[in-house]
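Source file: upload.txt. Holds: compact mmCIF, C-alpha atoms.
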# COMPACT_ATOMS: atom_id res chain seq x y z
CA MET A 1 14.38 -20.76 3.09
CA ASP A 2 11.84 -20.18 5.83
CA GLY A 3 10.24 -23.46 6.78
CA GLY A 4 6.90 -24.14 8.42
CA GLY A 5 3.30 -24.19 7.29
CA ALA A 6 1.55 -22.72 4.29
CA TYR A 7 3.80 -20.41 2.24
CA GLY A 8 6.70 -20.99 4.60
CA ALA A 9 4.92 -19.73 7.72
CA GLY A 10 4.87 -21.30 11.15
CA MET A 11 1.80 -22.47 12.98
CA ALA A 12 -0.82 -19.76 13.35
CA GLY A 13 -1.13 -18.53 16.93
CA SER A 14 2.42 -19.48 17.90
CA PRO A 15 4.23 -16.96 20.13
CA PHE A 16 6.53 -14.43 18.46
CA ASP A 17 10.21 -15.31 18.91
CA PRO A 18 12.52 -12.35 18.13
CA LYS A 19 15.63 -14.55 17.90
CA THR A 20 14.06 -16.88 15.36
CA PHE A 21 12.57 -13.94 13.47
CA ILE A 22 15.85 -12.04 13.12
CA LYS A 23 17.61 -15.16 11.79
CA LYS A 24 15.26 -15.61 8.85
CA PRO A 25 17.06 -15.03 5.51
CA SER A 26 14.24 -12.81 4.24
CA VAL A 27 14.39 -10.64 7.37
CA ILE A 28 18.17 -10.30 7.16
CA LEU A 29 18.00 -9.24 3.51
CA ARG A 30 15.13 -6.89 4.31
CA ILE A 31 17.15 -5.10 6.98
CA VAL A 32 20.19 -4.92 4.69
CA SER A 33 18.05 -3.44 1.90
CA TRP A 34 16.60 -0.95 4.38
CA VAL A 35 20.09 0.21 5.40
CA PHE A 36 21.22 0.46 1.77
CA SER A 37 18.22 2.62 0.87
CA ILE A 38 19.02 5.03 3.73
CA ILE A 39 22.60 5.36 2.50
CA VAL A 40 21.58 6.00 -1.10
CA PHE A 41 18.97 8.69 -0.59
CA GLY A 42 20.89 10.15 2.37
CA CYS A 43 24.10 10.56 0.37
CA ILE A 44 22.32 12.12 -2.59
CA ALA A 45 20.26 14.44 -0.41
CA ALA A 46 23.29 15.55 1.65
CA GLY A 47 26.01 15.69 -0.98
CA GLY A 48 24.54 14.94 -4.38
CA SER A 49 24.07 18.55 -5.40
CA TYR A 50 25.90 21.85 -4.99
CA LYS A 51 24.15 25.20 -5.13
CA GLY A 52 21.01 23.53 -6.46
CA ILE A 53 22.84 21.74 -9.29
CA CYS A 54 22.97 17.94 -9.28
CA LEU A 55 26.54 16.64 -9.39
CA TYR A 56 25.52 13.77 -11.65
CA GLY A 57 26.36 15.63 -14.84
CA GLY A 58 24.12 18.55 -13.84
CA ASP A 59 21.04 16.35 -14.37
CA ASN A 60 18.63 17.08 -11.55
CA ASN A 61 16.48 14.15 -12.69
CA ALA A 62 19.29 11.79 -11.73
CA CYS A 63 19.32 13.11 -8.17
CA GLY A 64 15.53 12.96 -8.02
CA TYR A 65 15.48 9.39 -9.29
CA GLY A 66 18.06 8.22 -6.76
CA ILE A 67 16.28 9.89 -3.85
CA GLY A 68 12.88 8.66 -5.03
CA ILE A 69 13.70 4.95 -5.33
CA GLY A 70 15.67 5.14 -2.08
CA VAL A 71 12.78 6.61 -0.09
CA ILE A 72 10.25 4.17 -1.56
CA ALA A 73 12.59 1.24 -0.85
CA PHE A 74 12.98 2.49 2.73
CA MET A 75 9.22 2.63 3.33
CA ALA A 76 8.58 -0.69 1.58
CA SER A 77 11.25 -2.40 3.68
CA VAL A 78 9.57 -1.20 6.88
CA ILE A 79 6.14 -2.35 5.68
CA PHE A 80 7.36 -5.80 4.64
CA LEU A 81 9.30 -6.19 7.90
CA ILE A 82 6.05 -5.64 9.78
CA LEU A 83 4.29 -8.16 7.52
CA ASP A 84 7.09 -10.65 8.10
CA ALA A 85 6.62 -10.25 11.85
CA VAL A 86 2.88 -11.01 11.73
CA PHE A 87 3.05 -13.49 8.85
CA ASP A 88 3.16 -16.60 11.06
CA ASN A 89 0.03 -15.48 12.94
CA MET A 90 -2.06 -15.03 9.80
CA SER A 91 -4.68 -17.76 10.08
CA SER A 92 -5.92 -17.25 6.51
CA VAL A 93 -3.84 -19.02 3.88
CA GLN A 94 -5.31 -16.69 1.28
CA HIS A 95 -3.95 -13.63 3.12
CA ARG A 96 -0.52 -15.25 3.30
CA LYS A 97 -0.68 -15.87 -0.42
CA TYR A 98 -1.45 -12.20 -1.11
CA VAL A 99 1.49 -11.09 1.05
CA VAL A 100 3.89 -13.45 -0.71
CA ILE A 101 2.70 -12.34 -4.16
CA ALA A 102 3.04 -8.66 -3.21
CA ASP A 103 6.54 -9.31 -1.86
CA MET A 104 7.52 -11.21 -5.01
CA LEU A 105 6.22 -8.56 -7.42
CA PHE A 106 7.58 -5.54 -5.53
CA SER A 107 10.99 -7.11 -4.89
CA GLY A 108 11.32 -8.04 -8.55
CA LEU A 109 10.28 -4.56 -9.65
CA TRP A 110 12.67 -2.83 -7.26
CA THR A 111 15.54 -5.06 -8.33
CA PHE A 112 14.99 -3.68 -11.82
CA MET A 113 14.60 -0.11 -10.54
CA TRP A 114 17.91 -0.31 -8.66
CA PHE A 115 19.61 -1.68 -11.76
CA VAL A 116 18.30 1.24 -13.80
CA GLY A 117 19.32 3.65 -11.07
CA PHE A 118 22.84 2.26 -10.88
CA CYS A 119 23.30 2.51 -14.64
CA TYR A 120 21.72 5.97 -14.75
CA LEU A 121 23.81 7.47 -11.94
CA THR A 122 27.04 5.85 -13.13
CA ASN A 123 26.55 7.10 -16.67
CA LYS A 124 25.83 10.66 -15.55
CA TRP A 125 28.79 10.72 -13.17
CA THR A 126 31.36 9.31 -15.60
CA SER A 127 30.24 10.85 -18.88
CA GLY A 128 29.72 14.49 -17.87
CA ASP A 129 32.29 17.18 -17.06
CA ASN A 130 31.60 17.49 -13.34
CA THR A 131 34.60 19.74 -12.66
CA VAL A 132 32.61 22.83 -13.64
CA ILE A 133 29.89 22.15 -11.06
CA LEU A 134 31.96 20.74 -8.21
CA PRO A 135 32.55 22.89 -5.13
CA PRO A 136 35.99 24.26 -4.26
CA VAL A 137 38.77 21.71 -3.81
CA LYS A 138 38.73 21.91 -0.01
CA ASP A 139 35.08 20.76 0.03
CA GLN A 140 35.18 18.32 -2.88
CA ALA A 141 35.95 15.18 -0.85
CA HIS A 142 32.60 15.24 0.95
CA PHE A 143 30.57 15.67 -2.25
CA VAL A 144 32.60 13.18 -4.31
CA ASN A 145 32.37 10.54 -1.58
CA SER A 146 28.62 11.06 -1.28
CA VAL A 147 28.07 10.73 -5.02
CA GLN A 148 30.20 7.62 -5.32
CA ALA A 149 28.70 6.00 -2.21
CA ALA A 150 25.21 6.40 -3.67
CA ILE A 151 26.36 4.66 -6.86
CA ALA A 152 28.04 1.84 -4.93
CA PHE A 153 25.09 1.12 -2.67
CA SER A 154 22.71 1.29 -5.61
CA PHE A 155 24.70 -1.62 -7.02
CA PHE A 156 24.60 -3.49 -3.70
CA SER A 157 20.83 -2.96 -3.55
CA ILE A 158 20.45 -4.90 -6.79
CA GLY A 159 21.81 -7.97 -5.02
CA SER A 160 19.80 -7.56 -1.82
CA TRP A 161 16.49 -6.99 -3.59
CA GLY A 162 17.30 -9.75 -6.07
CA GLY A 163 17.79 -12.12 -3.13
CA LEU A 164 14.43 -11.06 -1.70
CA THR A 165 12.83 -11.81 -5.07
CA VAL A 166 14.31 -15.31 -5.14
CA LEU A 167 13.15 -16.05 -1.59
CA ALA A 168 9.64 -14.79 -2.36
CA VAL A 169 9.45 -16.95 -5.51
CA LEU A 170 10.57 -20.03 -3.57
CA LYS A 171 8.05 -19.31 -0.82
CA TYR A 172 5.27 -18.90 -3.39
CA ARG A 173 6.19 -22.14 -5.18
CA LYS A 174 6.24 -24.01 -1.86
CA GLY A 175 2.81 -22.67 -0.98
CA VAL A 176 1.35 -23.68 -4.34
CA SER A 177 2.97 -27.12 -4.09
CA ASP A 178 1.57 -27.67 -0.59
CA ALA A 179 -1.89 -26.57 -1.70
CA PHE A 180 -1.76 -28.95 -4.68
CA SER A 181 -0.56 -31.84 -2.52
CA SER A 182 -3.39 -31.35 -0.04
CA THR A 183 -5.96 -31.93 -2.81
CA GLU A 184 -4.53 -35.31 -3.81
CA GLY A 185 -6.21 -36.98 -0.85
CA TYR A 186 -9.60 -36.50 -2.48
CA GLY A 187 -8.89 -38.87 -5.37
CA ASP A 188 -9.43 -42.63 -5.67
CA PRO A 189 -9.07 -44.71 -2.52
CA SER A 190 -5.74 -46.31 -1.88
CA PRO A 191 -5.08 -49.82 -3.30
CA ALA A 192 -4.83 -51.22 0.23
CA THR A 193 -8.48 -50.47 0.88
CA GLN A 194 -9.91 -51.40 -2.51
CA GLY A 195 -9.90 -55.16 -1.83
CA SER A 196 -11.60 -55.02 1.58
CA ALA A 197 -15.24 -55.88 1.99
CA PRO A 198 -17.52 -52.81 1.96
CA TYR A 199 -20.02 -54.45 4.32
CA SER A 200 -19.60 -56.78 7.27
CA SER A 201 -20.93 -60.33 7.06
CA PHE A 202 -23.80 -61.74 9.04
CA PRO A 203 -23.09 -62.86 12.63
CA GLY A 204 -21.77 -66.38 12.77
CA SER A 205 -20.47 -66.31 9.22
CA GLU A 206 -16.89 -65.33 10.04
CA GLY A 207 -14.40 -66.99 7.77
CA THR A 208 -16.92 -67.34 4.94
CA ASP A 209 -17.53 -65.22 1.90
CA PRO A 210 -18.63 -61.75 3.06
CA TYR A 211 -20.95 -61.50 0.09
CA GLN A 212 -23.79 -63.78 1.26
CA GLU A 213 -26.14 -65.34 -1.19
CA PRO A 214 -29.58 -63.72 -1.01
CA PRO A 215 -32.28 -65.91 0.53
CA PHE A 216 -34.46 -65.76 -2.57
CA GLY A 217 -31.83 -65.81 -5.26
CA PRO A 218 -31.92 -67.91 -8.43
CA GLY A 219 -29.75 -70.58 -6.77
CA LYS A 220 -32.49 -71.62 -4.30
CA GLU A 221 -34.49 -74.74 -5.15
CA ASP A 222 -38.17 -74.10 -5.69
CA THR A 223 -40.09 -76.39 -3.27
CA SER A 224 -43.57 -75.06 -4.02
CA ALA A 225 -44.28 -78.03 -6.35
CA ASP A 226 -43.99 -80.52 -3.45
CA TYR A 227 -46.58 -78.76 -1.35
CA GLN A 228 -49.76 -80.82 -0.76
CA PRO A 229 -52.87 -79.08 0.49
CA PRO A 230 -54.50 -80.74 3.56
CA THR A 231 -57.67 -82.82 3.11
CA TYR A 232 -60.65 -82.57 5.42
Before we go any further, please render this structure as C-alpha cells.
Amino acid sequence: MDGGGAYGAGMAGSPFDPKTFIKKPSVILRIVSWVFSIIVFGCIAAGGSYKGICLYGGDNNACGYGIGIGVIAFMASVIFLILDAVFDNMSSVQHRKYVVIADMLFSGLWTFMWFVGFCYLTNKWTSGDNTVILPPVKDQAHFVNSVQAAIAFSFFSIGSWGGLTVLAVLKYRKGVSDAFSSTEGYGDPSPATQGSAPYSSFPGSEGTDPYQEPPFGPGKEDTSADYQPPTY
C-alpha cells in the first residue's frame, strides 16, 4: 500500500517523482483498468454489431451497456490518475479524505458494474442464436474475436477495479486511524509527569519538600501572648 502521510500521501510540497509515482500499486492498477476499458468499448464499437444489429443475441442494449461502462471507466481512470499525481501535494487533509472516499465508492461501484456487464454479455452471447445475425464466414473471425475479447476483458476489469477498491479502503482506514491516533495526545498527562512537582521550590530549599509550609499556617506558634507593651 502507498505509505507516507495522511491517507497514504507523502509530505505536502515534495517534488513530483515520476518513477516513484508509476510504481505505486494504485497507479499500476489504474493504468491497467484504463487499458481494459479501451479494449472493451473499442471491441464492441468496432466489431460488436453487424448492419446495425448487436451480435450479443441481437440485443442492442447489451452493446450499449458495454460501450457505456467502458467509456465511463476510461474517463474515470484518467481523472483519478490526475488526482493520484497531485494527491501528495494536497495540503488539506480534508481534501485528501474526499478524494479517497470518492475513489473507494466509485471503484466499488464499477467493480459491480463490470460484474453485471460480464454476466450480461456472456449470457447474451451464449444463449442466443447468433448464426442468423453473423456476417459471412470470411468476415466472421473479426466480429467473433471482438465480441469474445470484450467479454474477456470485462471479466479482467472486475479484478482490476476490485483491487482499486481494496487499496482505497485500506488507504481510508489508515487515514482514519492516523487521525484518531493524533487525538490521543490530548488526554491525561503521562504517568511519568504526574509525580513531578507542579511548582519550583523557594531558592535555597533544594533537597527539601517542594511544597513549603505557608508562613501563617496553623502549624506556626502564636507569639502574640508574650508581647509586652513598653512603659513610659
Original post:
Which residues come within 9 Å of Gln148 of chain A, counting all atoms listed in the file, excluding same-chain residues fewer than 6 positions away, as a PyMOL selection string?
Top reply: chain A and resi 43+122+125
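Candidate residues A:Ile151, A:Ala85, A:Ala102, A:Ala168 were compared for distance to Phe115 of chain A, and the nearest is A:Ile151, using all atoms listed in the file.
In this model, the gap between atom CA of Ala141 of chain A and atom CA of Ile31 of chain A comes to 28.7 Å.
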**OP:** Quote the spacing between atom CA of Ile72 of chain A and atom CA of Gly52 of chain A in Å to one decimal place.
**Re:** 22.7 Å
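Take atom CA of Leu29 of chain A and atom CA of Ser160 of chain A: the distance between them is 5.9 Å.
Proximity ranking of A:Ile101, A:Val71, A:Val32, A:Val147 relative to Gly47 of chain A places A:Val147 first, based on all atoms listed in the file.
Closest to Trp34 of chain A among A:Leu105, A:Ala62, A:Leu170, A:Ile79 is A:Ile79, based on all atoms listed in the file.
Between Lys124 of chain A and the candidates A:Val100, A:Leu164, A:Val169, A:Leu55, the tightest atom-to-atom separation, counting only C-alpha atoms, involves A:Leu55.
When only C-alpha atoms are used to measure the gap to Val27 of chain A, the shortest distance among A:Tyr120, A:Ile44, A:Ser77, A:Gly68 belongs to A:Ser77.
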Original post:
Looking at only C-alpha atoms, which of A:Ser37, A:Gly163, A:Ile22, A:Phe155 is the one that sits closest to Met75 of chain A?
Top reply: A:Ser37
**OP:** May I have the protein, DNA and RNA residues with an atom at most 10 Å from (0.3, -13.4, 1.1), counting all atoms listed in the file in the file's coordinates, returned as a PyMOL selection string?
**Re:** chain A and resi 6-7+83+87+90+92-104+171-172+175
Determine the axis-aligned bounding box of all atoms of segment 69-72 of chain A present in the file, pad each side by 5 Å, and express its centre and edge lengths in Å to one decimal place as lines of an AutoDock Vina configuration file.
center_x = 13.0
center_y = 5.4
center_z = -2.7
size_x = 15.4
size_y = 12.4
size_z = 15.2
